Amino acid sequence: MSNLSLPPRFREPSVLRFAEVIKAAAKNYPQAIIVNPLPLAKETYRCRFRDALKAIMEYDVCPELLAYAKIVWGDVRIEEFQDDSLIIGPNHVLRRRDKVNRIGTVLDGVVNVSTLAEEVTPTEKIILAAVVLLEAGFLSDVTFNATEDKIKQYLPSDCPLTIMEKNGRTTLF
């Protein structure tokens with residue numbers, strides 16, 4: 001099928017707009033990645049990202065991205081994250097975030113208590129406890145007032161969680 005006979009959202013220029021994100025999602029798999037959807041609205045970004053994957057997988061657009069798309073195709077989930085960001089990752093990783101929403105806010109309240117004291121540095125035991133709760137699906141994310149390097153020194157080497165640092169605060173999810 002000629003690229004020009006496809007709807008514009010499946011054509012090469014539209015797919016190339018998401019090439020770096022598709023590569024990043026594949027390279028970081030099974031960990032999730034955080035993206036800023038601007039200048040697109042979040043929902044538009046979600047739809048166009050899925051369209052780009054579909055164009056690669058089903059219409060042979062941008063065959064150089066096929067190996068990357070195969071890694072995430074069929075197992076990708078895109079959700080809202082902090083601020084204006086989106087999180088892109090495998091279903092089994094992001095499903096943990098859903099469990100927290102269904103459980104309620106009690107656990108969120110407990111976690112947020114520790115973030116109220118800005119001067120408290122997380123200890124190894126607190127970090128490891130957070131890892132256990134995250135991996136079990138009881139928490140969707142935990143933010144510490146510490147750098148990524150400080151947190152990583154206490155994490156197990158085989159830790160499957162995604163780590164993101166922003167403004168001196170590190171989030172595990």
# chains A, B, ... in the order shown; residues from 1 in each chain; ligands from 1
>>> select_by_dssp(residues="chain A", states="alpha helix (DSSP H)", output="PyMOL selection string")
chain A and resi 12-16+19-28+42-59+66-72+91-103+106-116+124-136+148-152
>>> closest_residue(among="A:Arg77, A:Lys150, A:Lys70, A:Lys166", to="A:Ala26", atoms="only C-alpha atoms")
A:Lys70
>>> closest_residue(among="A:Leu128, A:Ile151, A:Leu86, A:Val142", to="A:Leu40", atoms="only C-alpha atoms")
A:Leu86
>>> closest_residue(among="A:Ile163, A:Glu148, A:Leu172, A:Pro30", to="A:Val131", atoms="only C-alpha atoms")
A:Leu172
>>> select_by_dssp(residues="stretch 36-170 of chain A", states="strand (DSSP E or B)", output="NGL selection string")
:A and (76-80 or 86-90 or 142-144 or 163-166 or 169-170)
>>> residues_around(residues="A:Glu58", least_positions_apart="3", cutoff="12 Å", atoms="only C-alpha atoms", output="count of residues only")
17
>>> closest_residue(among="A:Gly137, A:Val72, A:Glu80, A:Asn91", to="A:Lys27", atoms="only C-alpha atoms")
A:Val72
>>> atom_distance(atom1="atom CA of A:Thr123", atom2="atom CA of A:Asn28")
27.3 Å
>>> closest_residue(among="A:Thr147, A:Pro160, A:Ile71, A:Tyr45", to="A:Met57", atoms="only C-alpha atoms")
A:Ile71
>>> atom_distance(atom1="atom CA of A:Ile33", atom2="atom CA of A:Ala129")
23.0 Å
>>> residues_around(residues="A:Asn36", least_positions_apart="5", cutoff="10 Å", atoms="only C-alpha atoms", output="PyMOL selection string")
chain A and resi 41-42+45+81+83-87
>>> closest_residue(among="A:Thr143, A:Leu94, A:Ser14, A:Arg169", to="A:Ala32", atoms="only C-alpha atoms")
A:Leu94
